[in-house]
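Notes follow the structure.
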Amino acid sequence: MGNIVDGTTPTFDRLIIRTRDCILRDGIVQEDGNTFDWTDAGVELEPSEWDAQLRQGIADKTNAEGKSIQLLDCRNTYESDQGSFVSSIPLNTQTFSETWSALDSQVESQSLDPSEPVYIFCTGGIRCVKV
């Protein structure tokens with residue numbers, strides 16, 4: 001960092017590392033006691049597929065199967081406020097554990113139709129898969 005930061009000054013007073021059994025605390029407790037099933041997360045699109053389907057959907061309001069496009073931004077409010085896709089529905093959450101009640105509210109208010117495909121995005125991929 002050159003003359004901006006003194007390399008001899010410790011960054012932290014102390015370093016504590018804790019291992020966690022999951023990266024995001026989602027508040028979901030499965031009835032069977034099993035851990036989250038990462039293989040049951042819907043279809044993951046390559047960036048080029050995502051782009052093509054969004055462009056098509058935004059142009060004619062439907063996806064390749066002729067169904068309405070619903071675009072869900074499952075990032076937190078800070079991230080969504082930095083920018084998002086046109087016509088996406090933000091969850092407006094502060095923490096990931098608020099996601100489930102926010103999703104329920106979206107469905108109850110009919111902002112999201114669970115019978116139609118939902119395109120979900122986040123920052124790093126973990127939230128999308130869990131949602």
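Naming scheme: A, B, ... for chains in displayed order of the structure tokens; residues 1 onward per chain; ligands 1 onward as shown.
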Using only C-alpha atoms, which protein or nucleic acid residues come within 6 Å of Asp73 of chain A? Drop anything in the same chain fewer than 6 positions from it, and give the result as a ChimeraX atom specification. /A:89-90,121
Can you list, as a ChimeraX atom specification, every residue of segment 42-106 of chain A that DSSP puts in alpha helix (DSSP H)? /A:47-60,77-82,99-106
What would the file look like if the residues just selected were written as a CSV table (one decimal), in the first residue's frame with C-alpha atoms?
chain,number,residue,atom,x,y,z
A,47,PRO,CA,-24.0,-15.9,-17.6
A,48,SER,CA,-24.7,-16.0,-21.4
A,49,GLU,CA,-28.0,-18.0,-20.8
A,50,TRP,CA,-29.0,-15.6,-18.1
A,51,ASP,CA,-28.4,-12.6,-20.3
A,52,ALA,CA,-30.2,-14.1,-23.3
A,53,GLN,CA,-33.3,-15.1,-21.2
A,54,LEU,CA,-33.5,-11.7,-19.5
A,55,ARG,CA,-33.1,-9.8,-22.7
A,56,GLN,CA,-35.8,-12.0,-24.3
A,57,GLY,CA,-38.0,-11.7,-21.2
A,58,ILE,CA,-37.7,-8.0,-20.9
A,59,ALA,CA,-38.4,-7.5,-24.6
A,60,ASP,CA,-41.6,-9.6,-24.6
A,77,THR,CA,-31.1,-3.8,1.1
A,78,TYR,CA,-27.6,-2.3,1.0
A,79,GLU,CA,-26.6,-4.4,-2.0
A,80,SER,CA,-29.9,-3.8,-3.8
A,81,ASP,CA,-29.6,0.0,-3.3
A,82,GLN,CA,-26.2,-0.1,-5.1
A,99,THR,CA,-35.5,-13.8,3.7
A,100,TRP,CA,-38.3,-16.3,4.4
A,101,SER,CA,-40.8,-13.9,5.9
A,102,ALA,CA,-40.0,-11.4,3.1
A,103,LEU,CA,-40.7,-14.2,0.5
A,104,ASP,CA,-43.9,-15.1,2.2
A,105,SER,CA,-45.0,-11.4,2.1
A,106,GLN,CA,-44.1,-11.2,-1.6
Atom CA of Gln94 of chain A to atom CA of Asn76 of chain A, straight-line distance in Å: 5.3 Å
